[in-house]
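Trainee: The structure under discussion is supplied below as structure tokens; questions concerning it will follow.
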2 protein chains.
Amino acid sequence: MKTIKDIAKELGLSVSTVSRSLNDKPDVKKETRQKVLEEMKRLNYTPNANARSLIQKKSNMVGLMLSDITDPFFSEVALGVEEILSKSGYQLIYGNTFLEVKKEKDFLKSLLERKIDGIIMKPSNLNEELLNTINQLKIPIVFLRSLSENEQELNISSIDVNHYQATYNAVEYLIKLGHTNIGFIGMTKESREEEDRFEGYLDCLKHYNIDLLDQNITIPGSKILDGRYGMKTLLEKNPNITAVFAANDLLAIGALDWLKKKNYIVPNDISVIGFENLEISRLHIINLTTVDLPRKEMGKQAAEMLLDMLSSETINKKEVKLDTQLIVRNSSGKNQK
Amino acid sequence: MKTIKDIAKELGLSVSTVSRSLNDKPDVKKETRQKVLEEMKRLNYTPNANARSLIQKKSNMVGLMLSDITDPFFSEVALGVEEILSKSGYQLIYGNTFLEVKKEKDFLKSLLERKIDGIIMKPSNLNEELLNTINQLKIPIVFLRSLSENEQELNISSIDVNHYQATYNAVEYLIKLGHTNIGFIGMTKESREEEDRFEGYLDCLKHYNIDLLDQNITIPGSKILDGRYGMKTLLEKNPNITAVFAANDLLAIGALDWLKKKNYIVPNDISVIGFENLEISRLHIINLTTVDLPRKEMGKQAAEMLLDMLSSETINKKEVKLDTQLIVRNSSGKNQK
DNA sequence: CTGTTAGCGCTTTCAG
DNA sequence: CTGAAAGCGCTAACAG
């Protein structure tokens, strides 16, 4: 492997001059720099970023901790993050945690050893230990979800959408279509956002003086099959349901699928609303009314917030909540009963 | 930031003893090691992996170059790769290239500067320059696609499925259902695999003495909307088509969507076959006959091949082609005309 | 404008 | 079993 020493020796220069030339520093004669650059090419020299990191105490690497990259939400976030950070010369170390505390811990540890400059992550509900660990990191962090109460004092920025409001609006939209018997198909595991959404559902019903029925609620999981099962469960418990809010599009699509299989007509018999606005949801054969989540945009903004924190001395914590938009399609309509 | 020096000073030991203790090397008294480990915890010490990489000439980092992480194929590959490599203590630097040569070059360069130990990647059709660059890397590489002819001499392993055979089988299946007017909706950009698939289609028609019709072929792109457009194009050019092979599921789903919109009955009027077996494809409302791609498995095997190359002195190049399976669902049936 | 020197944090001989 | 010393490849004062 070639080093700047080789270049220096070859050219009869000192390593510092070579270093200066390579890094576009001032105080180098044009011709010298020229010669260095040529020699560099000739020798097929590649700088050693690790050596540079060591001395500069800056690695130009950022950690990206996701729960599951195959989740369309995270893959789009990851795309947005990478787009912005790579432009600024940062490399991304990525890992999946499935929100398992052990994986989170292990991954964080490996990031710290690598002396990364910052982290963008979607953590689980932090237990105390992890919270402490994170608190001690002296590097900028952006959460891909809102901070919970016990995290408020942390010096961490966050980006999220307003799950509460989004759900409230969606349910309100159903109520204004005449629905009163509205089911809720929730996601397991995604506690923080999930709570907010559930509260949005509850508060909206309350606001319109609609009784909350236990049998209108089910929490089956987060995949298509869970949605099918959730829809089945709801109808078994309460056949009078006329509308359903599902906590994500896959659940909603599963619900649609099950309804279709059982010869229910959507939206005449039952209205279905999702949450996420996946690409497939706008398919003619699905045509799901849903809440649009600006996934890639969230990734981009997360990256920009991190860059911001990276470049300023004082950590200026920011908590951003993006607005969402209800996308009305054909899976929802007036209550016909 | 604490260093081993701090530990050494605190304990009145030399840095070398501390280093040995931390790395489980022999020749350290049990109690000494114990003391070091305790002090390490007390001081909240984190080793500096960059310093270690510098001296060991091994970074324990691997590059993962994808075209687009939001493509379900790549996100699942990325999951499999990460699962295996993180278990072996490797960190993954990921980047999206969209098969753009400039992005590929830039990303490769940044990987080289980081002195990564190996690369798993899905490259575009390599131009000579990139090919040279890659050839000069003295590190193990695994391609997430088969090697093309001009790449054969490279010391690179690859993993892929047999696109030719998979397509041949799919088309043969259609022919055996009585179809002779079979459309082909192809993907742009993904040249290598695409050629193989196209050849599978051609050879199969030829083998069954079916005339190849120009108007039965269209290459619209790779997304749902492209599939809709592709289906539209095919039917305009040749209304007698009774079956369609689409080069991926999204194209096939787009085709289904358009057929549904135009009130064609699938599979009675037209059979549709996809390629990939996405999760949504098994939905009751889609129910797509398709070729199953073992995506995550490919990622895992790619990682294992790389680990293999990483641990053995001699680079033992391997070219793996996994078999695929035709998943027959309700989007295909007997020719009714 | 250029060279000398020190040192980033760590591992690894080589002595003892 | 432990310590001293060298050095990985690079940057950053400081002299000149």
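So you can find residues: chains in the structure tokens are A, B, ... in the order shown, residues in each start at 1, and ligands are numbered from 1 in order.
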Per DSSP on the backbone, what are the helix (DSSP H, G or I) residues of region 24-251 of chain B, as a VMD selection string?
Mentor: chain B and resid 30 to 43 49 to 56 72 to 87 101 to 113 128 to 136 149 to 151 163 to 176 191 to 207 214 to 216 224 to 237 249 to 251
Trainee: Please give chain B as a compact mmCIF listing (two decimals) with C-alpha atoms, in the first residue's frame, after it has been superposed on chain A by least squares over all Cα atoms paired in order.
Mentor:
# COMPACT_ATOMS: atom_id res chain seq x y z
CA MET B 1 -0.18 -0.04 -0.22
CA LYS B 2 1.25 3.30 -1.12
CA THR B 3 1.54 6.04 1.48
CA ILE B 4 2.45 9.69 1.42
CA LYS B 5 5.94 8.60 2.37
CA ASP B 6 6.27 6.92 -0.99
CA ILE B 7 5.21 10.06 -2.76
CA ALA B 8 7.56 12.14 -0.68
CA LYS B 9 10.50 9.87 -1.31
CA GLU B 10 9.82 9.66 -5.01
CA LEU B 11 9.74 13.42 -5.27
CA GLY B 12 12.43 14.26 -2.78
CA LEU B 13 9.93 16.17 -0.66
CA SER B 14 8.94 15.90 2.96
CA VAL B 15 5.76 14.17 4.00
CA SER B 16 4.36 17.37 5.39
CA THR B 17 4.57 19.09 2.03
CA VAL B 18 2.87 16.15 0.41
CA SER B 19 0.17 16.20 3.03
CA ARG B 20 -0.40 19.89 2.52
CA SER B 21 -0.63 19.44 -1.20
CA LEU B 22 -3.16 16.67 -0.97
CA ASN B 23 -5.35 18.59 1.40
CA ASP B 24 -5.44 21.83 -0.52
CA LYS B 25 -3.73 23.68 2.28
CA PRO B 26 -2.18 27.08 1.59
CA ASP B 27 1.58 27.59 1.63
CA VAL B 28 2.47 25.19 -1.13
CA LYS B 29 4.03 26.27 -4.39
CA LYS B 30 1.72 25.64 -7.29
CA GLU B 31 4.20 23.51 -9.17
CA THR B 32 4.97 21.44 -6.12
CA ARG B 33 1.32 20.69 -5.57
CA GLN B 34 0.98 19.84 -9.24
CA LYS B 35 3.87 17.43 -9.05
CA VAL B 36 2.47 15.78 -5.96
CA LEU B 37 -0.93 15.30 -7.52
CA GLU B 38 0.61 13.74 -10.58
CA GLU B 39 2.79 11.42 -8.58
CA MET B 40 -0.23 10.47 -6.54
CA LYS B 41 -2.03 9.38 -9.65
CA ARG B 42 1.00 7.63 -11.02
CA LEU B 43 1.47 5.60 -7.87
CA ASN B 44 -2.24 4.96 -7.59
CA TYR B 45 -2.22 6.35 -4.11
CA THR B 46 -5.28 6.29 -1.85
CA PRO B 47 -5.27 8.25 1.39
CA ASN B 48 -5.89 6.30 4.56
CA ALA B 49 -8.99 7.74 6.14
CA ASN B 50 -8.45 5.82 9.35
CA ALA B 51 -5.08 7.43 9.93
CA ARG B 52 -6.61 10.78 9.24
CA SER B 53 -9.50 10.11 11.60
CA LEU B 54 -7.08 9.10 14.28
CA ILE B 55 -5.24 12.35 14.32
CA GLN B 56 -8.13 14.66 13.50
CA LYS B 57 -10.50 13.07 15.95
CA LYS B 58 -13.17 13.18 13.32
CA SER B 59 -14.11 10.13 11.35
CA ASN B 60 -16.57 11.49 8.81
CA MET B 61 -18.70 8.50 9.53
CA VAL B 62 -22.26 8.51 10.79
CA GLY B 63 -24.24 5.64 12.25
CA LEU B 64 -27.68 4.77 10.97
CA MET B 65 -29.57 2.53 13.33
CA LEU B 66 -32.87 1.21 12.00
CA SER B 67 -35.21 -1.44 13.19
CA ASP B 68 -35.63 -3.12 9.82
CA ILE B 69 -34.36 -1.91 6.47
CA THR B 70 -36.95 -3.95 4.59
CA ASP B 71 -39.70 -1.85 6.09
CA PRO B 72 -40.52 0.63 3.31
CA PHE B 73 -40.56 3.41 5.86
CA PHE B 74 -36.97 2.82 6.85
CA SER B 75 -35.63 2.06 3.43
CA GLU B 76 -36.91 5.40 2.20
CA VAL B 77 -35.58 7.17 5.24
CA ALA B 78 -32.25 5.45 4.64
CA LEU B 79 -32.29 6.67 1.07
CA GLY B 80 -32.90 10.26 2.10
CA VAL B 81 -30.26 10.13 4.80
CA GLU B 82 -27.67 8.71 2.47
CA GLU B 83 -28.44 11.19 -0.25
CA ILE B 84 -27.74 14.15 2.00
CA LEU B 85 -24.85 12.80 4.01
CA SER B 86 -22.88 11.36 1.13
CA LYS B 87 -23.01 14.77 -0.51
CA SER B 88 -21.22 16.16 2.53
CA GLY B 89 -18.59 13.47 2.46
CA TYR B 90 -19.95 11.31 5.24
CA GLN B 91 -20.04 7.57 5.17
CA LEU B 92 -22.93 5.70 6.67
CA ILE B 93 -22.63 2.65 8.87
CA TYR B 94 -25.98 0.96 8.92
CA GLY B 95 -27.48 -1.72 11.14
CA ASN B 96 -30.84 -3.34 11.88
CA THR B 97 -31.96 -3.80 15.44
CA PHE B 98 -35.54 -5.06 15.21
CA LEU B 99 -35.91 -2.89 18.29
CA GLU B 100 -34.15 -5.57 20.28
CA VAL B 101 -32.26 -4.01 23.14
CA LYS B 102 -29.29 -6.31 22.80
CA LYS B 103 -28.85 -5.51 19.13
CA GLU B 104 -29.21 -1.82 19.86
CA LYS B 105 -26.53 -2.01 22.51
CA ASP B 106 -24.15 -4.01 20.37
CA PHE B 107 -24.57 -1.77 17.39
CA LEU B 108 -24.13 1.41 19.42
CA LYS B 109 -21.01 -0.02 20.95
CA SER B 110 -19.51 -0.85 17.61
CA LEU B 111 -20.32 2.66 16.41
CA LEU B 112 -18.59 4.18 19.38
CA GLU B 113 -15.48 2.15 18.80
CA ARG B 114 -15.41 3.44 15.29
CA LYS B 115 -15.51 6.97 16.68
CA ILE B 116 -18.34 8.00 14.42
CA ASP B 117 -19.27 11.67 14.40
CA GLY B 118 -23.00 11.32 14.86
CA ILE B 119 -25.96 8.99 14.86
CA ILE B 120 -29.35 8.91 13.23
CA MET B 121 -31.51 6.29 14.80
CA LYS B 122 -34.85 4.82 15.53
CA PRO B 123 -34.46 3.40 19.02
CA SER B 124 -36.83 1.26 20.98
CA ASN B 125 -38.30 2.59 24.14
CA LEU B 126 -35.02 3.16 25.84
CA ASN B 127 -34.38 1.41 29.04
CA GLU B 128 -32.34 3.20 31.61
CA GLU B 129 -29.04 1.64 30.69
CA LEU B 130 -29.29 2.52 27.04
CA LEU B 131 -30.52 5.94 27.96
CA ASN B 132 -27.45 6.46 30.07
CA THR B 133 -25.16 5.21 27.36
CA ILE B 134 -26.68 7.55 24.85
CA ASN B 135 -26.55 10.41 27.26
CA GLN B 136 -22.85 9.96 27.69
CA LEU B 137 -22.07 9.99 24.03
CA LYS B 138 -20.67 13.36 23.32
CA ILE B 139 -21.83 13.24 19.73
CA PRO B 140 -24.88 14.66 17.97
CA ILE B 141 -27.85 12.36 17.72
CA VAL B 142 -31.08 12.55 15.79
CA PHE B 143 -33.99 10.31 16.65
CA LEU B 144 -36.31 9.12 13.93
CA ARG B 145 -39.20 9.46 16.32
CA SER B 146 -40.37 11.93 18.93
CA LEU B 147 -38.76 11.97 22.33
CA SER B 148 -40.75 10.38 25.09
CA GLU B 149 -41.16 12.06 28.43
CA ASN B 150 -38.19 10.46 30.12
CA GLU B 151 -36.04 11.38 27.18
CA GLN B 152 -36.88 15.06 27.13
CA GLU B 153 -33.79 16.13 28.99
CA LEU B 154 -31.49 14.38 26.57
CA ASN B 155 -29.55 16.53 24.21
CA ILE B 156 -31.03 14.84 21.19
CA SER B 157 -32.86 16.17 18.17
CA SER B 158 -35.78 14.37 16.68
CA ILE B 159 -37.87 14.25 13.58
CA ASP B 160 -41.30 12.74 13.34
CA VAL B 161 -44.76 13.41 12.11
CA ASN B 162 -47.65 14.34 14.35
CA HIS B 163 -49.15 10.91 14.82
CA TYR B 164 -51.78 12.13 17.21
CA GLN B 165 -53.11 14.80 14.92
CA ALA B 166 -52.89 12.63 11.83
CA THR B 167 -54.95 9.91 13.45
CA TYR B 168 -57.38 12.37 14.93
CA ASN B 169 -57.97 13.85 11.49
CA ALA B 170 -58.40 10.46 9.88
CA VAL B 171 -60.93 9.34 12.47
CA GLU B 172 -62.72 12.65 12.30
CA TYR B 173 -63.00 12.20 8.57
CA LEU B 174 -64.66 8.83 9.16
CA ILE B 175 -67.02 10.31 11.69
CA LYS B 176 -68.02 13.02 9.30
CA LEU B 177 -68.89 10.30 6.81
CA GLY B 178 -71.41 9.08 9.37
CA HIS B 179 -69.41 6.30 10.95
CA THR B 180 -69.67 5.75 14.68
CA ASN B 181 -68.60 2.14 14.95
CA ILE B 182 -64.97 2.57 14.08
CA GLY B 183 -62.43 -0.19 14.57
CA PHE B 184 -58.77 0.33 15.41
CA ILE B 185 -56.13 -2.08 14.15
CA GLY B 186 -52.93 -1.25 15.96
CA MET B 187 -49.29 -2.14 15.66
CA THR B 188 -47.36 -3.96 18.30
CA LYS B 189 -43.88 -2.93 19.39
CA GLU B 190 -43.89 0.56 17.92
CA SER B 191 -44.96 1.93 21.23
CA ARG B 192 -44.27 5.62 21.15
CA GLU B 193 -45.98 6.48 17.89
CA GLU B 194 -48.56 3.87 18.58
CA GLU B 195 -49.63 5.51 21.79
CA ASP B 196 -49.97 8.84 20.07
CA ARG B 197 -52.10 7.35 17.38
CA PHE B 198 -54.24 5.51 19.83
CA GLU B 199 -54.79 8.70 21.77
CA GLY B 200 -55.75 10.50 18.59
CA TYR B 201 -58.34 7.83 18.03
CA LEU B 202 -59.63 8.00 21.59
CA ASP B 203 -59.77 11.76 21.79
CA CYS B 204 -61.55 12.07 18.53
CA LEU B 205 -64.25 9.61 19.54
CA LYS B 206 -64.59 11.41 22.84
CA HIS B 207 -64.85 14.79 21.19
CA TYR B 208 -67.75 13.56 19.10
CA ASN B 209 -69.34 11.81 22.06
CA ILE B 210 -68.92 8.39 20.59
CA ASP B 211 -68.66 5.52 23.04
CA LEU B 212 -65.37 3.70 23.04
CA LEU B 213 -65.91 -0.02 22.62
CA ASP B 214 -63.30 -2.48 23.75
CA GLN B 215 -64.25 -4.92 21.05
CA ASN B 216 -63.44 -2.34 18.40
CA ILE B 217 -59.76 -2.50 19.22
CA THR B 218 -57.18 -5.03 18.25
CA ILE B 219 -53.38 -4.99 18.15
CA PRO B 220 -52.29 -7.81 15.88
CA GLY B 221 -48.83 -6.76 14.61
CA SER B 222 -47.63 -4.78 11.65
CA LYS B 223 -47.66 -6.96 8.54
CA ILE B 224 -50.22 -7.82 5.90
CA LEU B 225 -51.10 -11.10 7.55
CA ASP B 226 -51.59 -9.32 10.84
CA GLY B 227 -54.02 -7.00 9.11
CA ARG B 228 -56.03 -9.90 7.80
CA TYR B 229 -56.12 -11.42 11.21
CA GLY B 230 -56.95 -8.10 12.83
CA MET B 231 -59.88 -7.51 10.52
CA LYS B 232 -61.17 -11.00 11.17
CA THR B 233 -60.90 -10.48 14.91
CA LEU B 234 -62.73 -7.18 14.84
CA LEU B 235 -65.64 -8.49 12.81
CA GLU B 236 -65.99 -11.51 15.04
CA LYS B 237 -66.07 -9.34 18.11
CA ASN B 238 -68.30 -6.70 16.60
CA PRO B 239 -70.06 -7.37 13.28
CA ASN B 240 -71.54 -3.88 13.30
CA ILE B 241 -68.30 -2.12 12.57
CA THR B 242 -68.60 0.14 9.53
CA ALA B 243 -65.13 1.62 9.40
CA VAL B 244 -61.60 0.76 10.40
CA PHE B 245 -58.48 2.77 11.04
CA ALA B 246 -55.33 0.71 10.59
CA ALA B 247 -52.04 1.92 12.03
CA ASN B 248 -50.16 1.26 8.82
CA ASP B 249 -50.87 0.54 5.18
CA LEU B 250 -49.83 -3.08 5.31
CA LEU B 251 -52.33 -3.72 8.08
CA ALA B 252 -54.97 -1.87 6.08
CA ILE B 253 -54.15 -3.85 2.95
CA GLY B 254 -54.37 -7.07 4.92
CA ALA B 255 -57.75 -5.92 6.19
CA LEU B 256 -58.90 -5.15 2.64
CA ASP B 257 -57.68 -8.51 1.52
CA TRP B 258 -59.64 -10.32 4.16
CA LEU B 259 -62.77 -8.27 3.47
CA LYS B 260 -62.49 -9.06 -0.20
CA LYS B 261 -62.09 -12.72 0.52
CA LYS B 262 -65.21 -12.68 2.67
CA ASN B 263 -67.10 -10.82 -0.02
CA TYR B 264 -67.52 -7.59 1.85
CA ILE B 265 -67.78 -4.59 -0.42
CA VAL B 266 -65.39 -1.76 0.37
CA PRO B 267 -66.30 0.95 1.09
CA ASN B 268 -70.04 0.22 0.99
CA ASP B 269 -69.96 -2.33 3.78
CA ILE B 270 -66.84 -1.15 5.51
CA SER B 271 -64.48 1.78 5.08
CA VAL B 272 -60.77 1.24 5.61
CA ILE B 273 -58.08 3.83 6.28
CA GLY B 274 -54.38 3.17 6.47
CA PHE B 275 -51.33 5.10 7.55
CA GLU B 276 -48.17 5.57 5.47
CA ASN B 277 -49.23 5.90 1.85
CA LEU B 278 -47.10 3.16 0.36
CA GLU B 279 -46.64 3.15 -3.36
CA ILE B 280 -48.87 0.13 -3.77
CA SER B 281 -51.67 1.78 -1.87
CA ARG B 282 -52.60 3.90 -4.81
CA LEU B 283 -53.06 0.88 -7.04
CA HIS B 284 -56.46 0.72 -8.63
CA ILE B 285 -57.01 -2.68 -7.07
CA ILE B 286 -56.18 -1.37 -3.60
CA ASN B 287 -56.94 2.31 -3.72
CA LEU B 288 -56.47 2.89 -0.06
CA THR B 289 -57.44 6.03 1.78
CA THR B 290 -54.43 6.72 3.94
CA VAL B 291 -52.24 9.24 5.71
CA ASP B 292 -49.24 10.27 3.68
CA LEU B 293 -45.93 9.98 5.51
CA PRO B 294 -43.10 12.00 3.96
CA ARG B 295 -40.59 9.20 4.45
CA LYS B 296 -37.72 10.25 2.26
CA GLU B 297 -38.18 13.83 3.36
CA MET B 298 -37.86 12.73 6.97
CA GLY B 299 -34.59 11.05 6.15
CA LYS B 300 -33.28 14.10 4.38
CA GLN B 301 -34.27 16.42 7.18
CA ALA B 302 -32.79 14.09 9.78
CA ALA B 303 -29.52 14.20 7.87
CA GLU B 304 -29.65 17.96 7.59
CA MET B 305 -30.32 18.35 11.27
CA LEU B 306 -27.35 16.15 12.01
CA LEU B 307 -25.10 18.11 9.67
CA ASP B 308 -26.23 21.21 11.46
CA MET B 309 -25.31 19.83 14.83
CA LEU B 310 -22.05 18.51 13.45
CA SER B 311 -20.94 21.89 12.21
CA SER B 312 -21.95 24.03 15.16
CA GLU B 313 -20.14 24.02 18.45
CA THR B 314 -23.17 24.31 20.66
CA ILE B 315 -25.59 21.47 20.31
CA ASN B 316 -28.83 23.14 19.37
CA LYS B 317 -31.43 20.55 19.97
CA LYS B 318 -34.42 20.61 17.67
CA GLU B 319 -37.64 18.67 17.69
CA VAL B 320 -39.34 18.70 14.35
CA LYS B 321 -42.81 17.38 13.68
CA LEU B 322 -43.83 17.30 10.06
CA ASP B 323 -47.43 17.64 9.05
CA THR B 324 -49.19 14.82 7.30
CA GLN B 325 -51.92 14.75 4.75
CA LEU B 326 -54.96 12.55 4.47
CA ILE B 327 -55.09 11.00 1.00
CA VAL B 328 -58.68 10.14 0.25
CA ARG B 329 -59.16 7.27 -2.15
CA ASN B 330 -61.87 4.71 -2.71
CA SER B 331 -61.49 2.51 0.34
CA SER B 332 -63.57 4.92 2.40
CA GLY B 333 -67.06 6.31 1.98
CA LYS B 334 -70.30 7.27 3.63
CA ASN B 335 -71.77 5.01 6.23
CA GLN B 336 -74.56 3.13 4.46
CA LYS B 337 -76.15 1.53 7.48
Trainee: Write down, as number ranges by chain, each residue of chain D that has any atom within 12 Å of an atom of chain A, counting only C-alpha atoms (C1' of nucleotides).
Mentor: D: 8-13
Trainee: Once DSSP has gone over the backbone, tell me which residues of region 112-305 of chain A are in strand (DSSP E or B), as a ChimeraX atom specification.
Mentor: /A:118-121,141-143,157-161,182-185,217-218,243-246,271-276,289-292
Trainee: Would you output that residue set with C-alpha atoms, as a PDB file, in the first residue's frame?
Mentor:
ATOM      1  CA  GLY A 118     -22.957  11.309  14.911  1.00  0.00           C
ATOM      2  CA  ILE A 119     -25.907   8.950  14.955  1.00  0.00           C
ATOM      3  CA  ILE A 120     -29.298   8.852  13.331  1.00  0.00           C
ATOM      4  CA  MET A 121     -31.441   6.226  14.906  1.00  0.00           C
ATOM      5  CA  ILE A 141     -27.805  12.326  17.802  1.00  0.00           C
ATOM      6  CA  VAL A 142     -31.027  12.485  15.859  1.00  0.00           C
ATOM      7  CA  PHE A 143     -33.925  10.242  16.760  1.00  0.00           C
ATOM      8  CA  SER A 157     -32.825  16.092  18.254  1.00  0.00           C
ATOM      9  CA  SER A 158     -35.735  14.283  16.772  1.00  0.00           C
ATOM     10  CA  ILE A 159     -37.828  14.143  13.678  1.00  0.00           C
ATOM     11  CA  ASP A 160     -41.235  12.620  13.434  1.00  0.00           C
ATOM     12  CA  VAL A 161     -44.707  13.297  12.198  1.00  0.00           C
ATOM     13  CA  ILE A 182     -65.051   2.633  13.977  1.00  0.00           C
ATOM     14  CA  GLY A 183     -62.525  -0.137  14.484  1.00  0.00           C
ATOM     15  CA  PHE A 184     -58.888   0.343  15.368  1.00  0.00           C
ATOM     16  CA  ILE A 185     -56.253  -2.104  14.125  1.00  0.00           C
ATOM     17  CA  ILE A 217     -59.950  -2.474  19.143  1.00  0.00           C
ATOM     18  CA  THR A 218     -57.379  -5.062  18.188  1.00  0.00           C
ATOM     19  CA  ALA A 243     -65.152   1.717   9.279  1.00  0.00           C
ATOM     20  CA  VAL A 244     -61.649   0.805  10.311  1.00  0.00           C
ATOM     21  CA  PHE A 245     -58.508   2.778  11.002  1.00  0.00           C
ATOM     22  CA  ALA A 246     -55.372   0.679  10.590  1.00  0.00           C
ATOM     23  CA  SER A 271     -64.457   1.889   4.976  1.00  0.00           C
ATOM     24  CA  VAL A 272     -60.754   1.297   5.537  1.00  0.00           C
ATOM     25  CA  ILE A 273     -58.044   3.859   6.246  1.00  0.00           C
ATOM     26  CA  GLY A 274     -54.344   3.152   6.468  1.00  0.00           C
ATOM     27  CA  PHE A 275     -51.294   5.042   7.598  1.00  0.00           C
ATOM     28  CA  GLU A 276     -48.108   5.482   5.571  1.00  0.00           C
ATOM     29  CA  THR A 289     -57.333   6.056   1.761  1.00  0.00           C
ATOM     30  CA  THR A 290     -54.339   6.707   3.962  1.00  0.00           C
ATOM     31  CA  VAL A 291     -52.155   9.190   5.761  1.00  0.00           C
ATOM     32  CA  ASP A 292     -49.130  10.197   3.760  1.00  0.00           C
TER      33      ASP A 292
END
Trainee: With a distance threshold of 12 Å and counting only C-alpha atoms (C1' of nucleotides), extract the residues of chain C near chain B and express them as a list in words.
Mentor: DC8, DG9, DC10, DT11, DT12 and DT13 of chain C
Trainee: Give me the residues within 12 Å of DA15 (chain C) as JSON, numbers by chain, counting only C-alpha atoms (C1' of nucleotides) and dropping any in the same chain fewer than 2 places off.
Mentor: {"C": [13], "D": [2, 3, 4, 5]}
